[in-house]
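First comes the structure, then the notes that go with it.
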Amino acid sequence: LLQAMGGVLDLMPATMAFIAPNPNSYRRFVPNAFVPVSRHWAYENRSTALRIPVSDGPARRFEHRMAGADANPYLVLASLLAGIHHGITQKIDPGPPFKGNAGETLDSGLPMRARRALETLTQSESAKFYFGEGYPALYAAAKEAEYDLFESTISPQEYNWYLMAE
């Protein structure tokens, strides 16, 4: 289980584009907002990206707390399975369990903006290995088109701030 979590944490930067797929997804990643903002794991600690809740042997599991409700569940599951396989085959140690509030400081190793997450995805050799050579670039191209459309739309806030001259 520890190696599986180590792999999920290790691949998290590459899979942020899947687990936080929209510009709005990143608005929740702010320190001390009851959302994990760093790659840590712990027992019974809701501030960490991966949490092992209190459970007996056969029920032992970890929760992935970074993925948002707006994420495609198939891509989140594929990201988890890729991370688990990566961790077990590479014997990745996740380090010791985190103590305290892991939500105080943003993890500088995680792409915390939508376009940066796409860049990290397309540059990741692990993502190409697990999702196929062309899929990260294809996914990024589709998302870039969505982001371009999103950014070309004038929001009511922008209209009020910049276009309503009083």
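Scheme for the structure tokens: letters A, B, ... for chains in order shown; per-chain residue numbers from 1; ligand numbers from 1 in order shown.
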For region 36-110 of chain A against region 118-129 of chain A, with a cut-off of 10 Å and counting only C-alpha atoms, what is the closest atom pair and its distance in Å to one decimal for every residue that makes the cut, ordered by chain and number, as a Markdown table?
```
| residue | atom | partner | partner_atom | distance |
| --- | --- | --- | --- | --- |
| A:Ser79 | CA | A:Ala127 | CA | 8.9 |
| A:Ala82 | CA | A:Ala127 | CA | 8.5 |
| A:Gly83 | CA | A:Ser126 | CA | 9.4 |
| A:His86 | CA | A:Ser126 | CA | 8.6 |
| A:Leu110 | CA | A:Thr120 | CA | 9.0 |
```
For those residues, write all heavy atoms to a file as a PDB file, in the first residue's frame.
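As a result, result_26.pdb now contains:
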```pdb
ATOM      1  N   SER A  79      -5.422   7.432 -13.749  1.00  0.00           N
ATOM      2  CA  SER A  79      -4.287   8.081 -13.078  1.00  0.00           C
ATOM      3  C   SER A  79      -3.892   7.326 -11.818  1.00  0.00           C
ATOM      4  O   SER A  79      -2.703   7.136 -11.538  1.00  0.00           O
ATOM      5  CB  SER A  79      -4.642   9.531 -12.725  1.00  0.00           C
ATOM      6  OG  SER A  79      -4.921  10.278 -13.872  1.00  0.00           O
ATOM      7  N   ALA A  82      -2.284   3.980 -12.822  1.00  0.00           N
ATOM      8  CA  ALA A  82      -0.928   4.232 -13.324  1.00  0.00           C
ATOM      9  C   ALA A  82       0.021   4.499 -12.159  1.00  0.00           C
ATOM     10  O   ALA A  82       1.121   3.945 -12.101  1.00  0.00           O
ATOM     11  CB  ALA A  82      -0.937   5.414 -14.295  1.00  0.00           C
ATOM     12  N   GLY A  83      -0.412   5.345 -11.218  1.00  0.00           N
ATOM     13  CA  GLY A  83       0.416   5.649 -10.061  1.00  0.00           C
ATOM     14  C   GLY A  83       0.684   4.428  -9.199  1.00  0.00           C
ATOM     15  O   GLY A  83       1.809   4.218  -8.732  1.00  0.00           O
ATOM     16  N   HIS A  86       3.120   2.226 -11.067  1.00  0.00           N
ATOM     17  CA  HIS A  86       4.418   2.907 -11.032  1.00  0.00           C
ATOM     18  C   HIS A  86       5.089   2.734  -9.668  1.00  0.00           C
ATOM     19  O   HIS A  86       6.273   2.401  -9.581  1.00  0.00           O
ATOM     20  CB  HIS A  86       4.193   4.392 -11.362  1.00  0.00           C
ATOM     21  CG  HIS A  86       5.398   5.247 -11.311  1.00  0.00           C
ATOM     22  ND1 HIS A  86       6.469   5.103 -12.166  1.00  0.00           N
ATOM     23  CD2 HIS A  86       5.716   6.292 -10.500  1.00  0.00           C
ATOM     24  CE1 HIS A  86       7.382   6.012 -11.890  1.00  0.00           C
ATOM     25  NE2 HIS A  86       6.951   6.755 -10.884  1.00  0.00           N
ATOM     26  N   LEU A 110       3.775  20.930  -7.740  1.00  0.00           N
ATOM     27  CA  LEU A 110       2.497  20.661  -8.403  1.00  0.00           C
ATOM     28  C   LEU A 110       2.108  21.837  -9.295  1.00  0.00           C
ATOM     29  O   LEU A 110       2.199  22.988  -8.866  1.00  0.00           O
ATOM     30  CB  LEU A 110       1.383  20.433  -7.373  1.00  0.00           C
ATOM     31  CG  LEU A 110       1.407  19.135  -6.606  1.00  0.00           C
ATOM     32  CD1 LEU A 110       0.303  19.122  -5.554  1.00  0.00           C
ATOM     33  CD2 LEU A 110       1.255  17.946  -7.546  1.00  0.00           C
TER      34      LEU A 110
END
```
Can you list, as a PDB file with N, CA and C atoms, in the first residue's frame, every protein, DNA or RNA residue that comes within 12 Å of Gln3 (chain A) when you count only C-alpha atoms, leaving out same-chain residues fewer than 5 positions away?
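The file below, result-v5.pdb, is the result:
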```pdb
ATOM      1  N   VAL A   8       1.494   7.074  -6.714  1.00  0.00           N
ATOM      2  CA  VAL A   8       0.439   8.056  -6.974  1.00  0.00           C
ATOM      3  C   VAL A   8       0.956   9.465  -6.698  1.00  0.00           C
ATOM      4  N   LEU A   9       1.677   9.625  -5.598  1.00  0.00           N
ATOM      5  CA  LEU A   9       2.247  10.937  -5.273  1.00  0.00           C
ATOM      6  C   LEU A   9       3.294  11.356  -6.294  1.00  0.00           C
ATOM      7  N   ASP A  10       4.097  10.399  -6.746  1.00  0.00           N
ATOM      8  CA  ASP A  10       5.151  10.692  -7.714  1.00  0.00           C
ATOM      9  C   ASP A  10       4.571  11.137  -9.062  1.00  0.00           C
ATOM     10  N   TRP A  41       0.996  12.242   2.490  1.00  0.00           N
ATOM     11  CA  TRP A  41       0.031  11.232   2.903  1.00  0.00           C
ATOM     12  C   TRP A  41       0.077  11.152   4.422  1.00  0.00           C
ATOM     13  N   PHE A  62      -6.634   3.779   0.771  1.00  0.00           N
ATOM     14  CA  PHE A  62      -6.303   5.198   0.851  1.00  0.00           C
ATOM     15  C   PHE A  62      -7.297   5.983   0.013  1.00  0.00           C
ATOM     16  N   GLY A  83      -0.412   5.345 -11.218  1.00  0.00           N
ATOM     17  CA  GLY A  83       0.416   5.649 -10.061  1.00  0.00           C
ATOM     18  C   GLY A  83       0.684   4.428  -9.199  1.00  0.00           C
ATOM     19  N   ILE A  84      -0.341   3.629  -8.993  1.00  0.00           N
ATOM     20  CA  ILE A  84      -0.184   2.405  -8.191  1.00  0.00           C
ATOM     21  C   ILE A  84       0.819   1.473  -8.854  1.00  0.00           C
ATOM     22  N   HIS A  85       0.653   1.242 -10.152  1.00  0.00           N
ATOM     23  CA  HIS A  85       1.587   0.371 -10.875  1.00  0.00           C
ATOM     24  C   HIS A  85       3.006   0.939 -10.823  1.00  0.00           C
ATOM     25  N   HIS A  86       3.120   2.226 -11.067  1.00  0.00           N
ATOM     26  CA  HIS A  86       4.418   2.907 -11.032  1.00  0.00           C
ATOM     27  C   HIS A  86       5.089   2.734  -9.668  1.00  0.00           C
ATOM     28  N   GLY A  87       4.322   2.938  -8.611  1.00  0.00           N
ATOM     29  CA  GLY A  87       4.874   2.829  -7.261  1.00  0.00           C
ATOM     30  C   GLY A  87       5.314   1.429  -6.896  1.00  0.00           C
ATOM     31  N   ILE A  88       4.505   0.450  -7.274  1.00  0.00           N
ATOM     32  CA  ILE A  88       4.828  -0.940  -6.933  1.00  0.00           C
ATOM     33  C   ILE A  88       6.008  -1.441  -7.765  1.00  0.00           C
ATOM     34  N   THR A  89       6.003  -1.158  -9.070  1.00  0.00           N
ATOM     35  CA  THR A  89       7.093  -1.669  -9.916  1.00  0.00           C
ATOM     36  C   THR A  89       8.416  -0.951  -9.644  1.00  0.00           C
ATOM     37  N   GLN A  90       8.350   0.316  -9.268  1.00  0.00           N
ATOM     38  CA  GLN A  90       9.575   1.078  -8.997  1.00  0.00           C
ATOM     39  C   GLN A  90       9.924   1.109  -7.506  1.00  0.00           C
ATOM     40  N   LYS A  91       9.071   0.472  -6.686  1.00  0.00           N
ATOM     41  CA  LYS A  91       9.279   0.408  -5.235  1.00  0.00           C
ATOM     42  C   LYS A  91       9.488   1.810  -4.640  1.00  0.00           C
ATOM     43  N   ILE A  92       8.548   2.692  -4.909  1.00  0.00           N
ATOM     44  CA  ILE A  92       8.655   4.085  -4.479  1.00  0.00           C
ATOM     45  C   ILE A  92       8.173   4.241  -3.046  1.00  0.00           C
ATOM     46  N   ASP A  93       9.029   4.753  -2.227  1.00  0.00           N
ATOM     47  CA  ASP A  93       8.714   5.008  -0.816  1.00  0.00           C
ATOM     48  C   ASP A  93       8.045   6.380  -0.723  1.00  0.00           C
ATOM     49  N   PRO A  94       6.847   6.459  -0.148  1.00  0.00           N
ATOM     50  CA  PRO A  94       6.182   7.754  -0.049  1.00  0.00           C
ATOM     51  C   PRO A  94       6.723   8.639   1.067  1.00  0.00           C
ATOM     52  N   GLY A  95       7.673   8.124   1.819  1.00  0.00           N
ATOM     53  CA  GLY A  95       8.194   8.873   2.960  1.00  0.00           C
ATOM     54  C   GLY A  95       7.317   8.651   4.174  1.00  0.00           C
ATOM     55  N   PRO A  96       7.652   9.304   5.255  1.00  0.00           N
ATOM     56  CA  PRO A  96       6.877   9.098   6.493  1.00  0.00           C
ATOM     57  C   PRO A  96       5.524   9.802   6.406  1.00  0.00           C
TER      58      PRO A  96
END
```
If you run DSSP on this backbone, which residues of chain A come out as alpha helix (DSSP H), and could you give them as a ChimeraX atom specification? /A:2-19,73-90,114-123,125-131,135-152,156-158
May I have the residues from that selection written out with C-alpha atoms, as a tab-separated table (two decimals), in the first residue's frame?
```tsv
chain	number	residue	atom	x	y	z
A	2	LEU	CA	2.83	2.40	0.82
A	3	GLN	CA	4.57	1.83	-2.51
A	4	ALA	CA	1.24	2.30	-4.31
A	5	MET	CA	0.79	5.65	-2.58
A	6	GLY	CA	4.39	6.57	-3.37
A	7	GLY	CA	3.68	6.06	-7.06
A	8	VAL	CA	0.44	8.06	-6.97
A	9	LEU	CA	2.25	10.94	-5.27
A	10	ASP	CA	5.15	10.69	-7.71
A	11	LEU	CA	2.86	10.87	-10.78
A	12	MET	CA	0.58	13.56	-9.30
A	13	PRO	CA	2.25	16.50	-11.10
A	14	ALA	CA	1.83	14.72	-14.45
A	15	THR	CA	-1.80	13.81	-13.76
A	16	MET	CA	-2.99	17.16	-12.36
A	17	ALA	CA	-4.50	17.97	-15.77
A	18	PHE	CA	-6.74	14.91	-15.33
A	19	ILE	CA	-7.63	15.34	-11.65
A	73	PRO	CA	-13.83	9.55	-13.25
A	74	TYR	CA	-12.26	7.29	-15.88
A	75	LEU	CA	-9.19	9.50	-16.18
A	76	VAL	CA	-8.92	9.80	-12.39
A	77	LEU	CA	-9.11	6.01	-12.06
A	78	ALA	CA	-6.57	5.59	-14.86
A	79	SER	CA	-4.29	8.08	-13.08
A	80	LEU	CA	-4.62	6.13	-9.83
A	81	LEU	CA	-3.94	2.79	-11.50
A	82	ALA	CA	-0.93	4.23	-13.32
A	83	GLY	CA	0.42	5.65	-10.06
A	84	ILE	CA	-0.18	2.40	-8.19
A	85	HIS	CA	1.59	0.37	-10.88
A	86	HIS	CA	4.42	2.91	-11.03
A	87	GLY	CA	4.87	2.83	-7.26
A	88	ILE	CA	4.83	-0.94	-6.93
A	89	THR	CA	7.09	-1.67	-9.92
A	90	GLN	CA	9.57	1.08	-9.00
A	114	ALA	CA	-4.65	24.71	-15.79
A	115	ARG	CA	-2.26	25.52	-18.63
A	116	ARG	CA	0.78	24.65	-16.51
A	117	ALA	CA	-0.82	21.28	-15.73
A	118	LEU	CA	-1.24	20.59	-19.46
A	119	GLU	CA	2.40	21.49	-20.05
A	120	THR	CA	3.50	19.16	-17.26
A	121	LEU	CA	1.31	16.36	-18.66
A	122	THR	CA	2.71	16.64	-22.19
A	123	GLN	CA	6.32	16.76	-20.97
A	125	GLU	CA	7.52	10.50	-20.05
A	126	SER	CA	5.55	8.56	-17.42
A	127	ALA	CA	2.27	9.99	-18.74
A	128	LYS	CA	3.22	8.96	-22.27
A	129	PHE	CA	4.12	5.49	-21.03
A	130	TYR	CA	0.90	4.94	-19.07
A	131	PHE	CA	-1.60	6.76	-21.29
A	135	TYR	CA	-2.81	10.75	-25.68
A	136	PRO	CA	-1.30	13.45	-23.43
A	137	ALA	CA	-0.75	15.76	-26.44
A	138	LEU	CA	-4.23	15.04	-27.82
A	139	TYR	CA	-5.85	15.69	-24.44
A	140	ALA	CA	-3.84	18.89	-24.03
A	141	ALA	CA	-4.83	20.14	-27.49
A	142	ALA	CA	-8.53	19.60	-26.72
A	143	LYS	CA	-8.21	21.33	-23.34
A	144	GLU	CA	-6.20	24.23	-24.84
A	145	ALA	CA	-9.07	24.83	-27.29
A	146	GLU	CA	-11.52	24.82	-24.36
A	147	TYR	CA	-9.32	27.23	-22.37
A	148	ASP	CA	-8.97	29.56	-25.37
A	149	LEU	CA	-12.75	29.74	-25.69
A	150	PHE	CA	-13.14	30.21	-21.93
A	151	GLU	CA	-10.60	33.03	-21.87
A	152	SER	CA	-12.13	34.78	-24.90
A	156	PRO	CA	-19.76	39.82	-16.01
A	157	GLN	CA	-17.02	40.80	-13.54
A	158	GLU	CA	-14.71	41.96	-16.31
```
Please report the interatomic distance between CA of Leu50 (chain A) and CA of Asn22 (chain A) in Å with one decimal.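 So the answer is 21.4 Å.
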For the strand (DSSP E) assignment from backbone DSSP, which residues of chain A qualify? Please present them as a list of chain:residue names.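 Taking chain A and keeping strand (DSSP E) gives A:Trp41, A:Ala42, A:Tyr43, A:Leu50, A:Arg51, A:Ile52, A:Glu63, A:His64.
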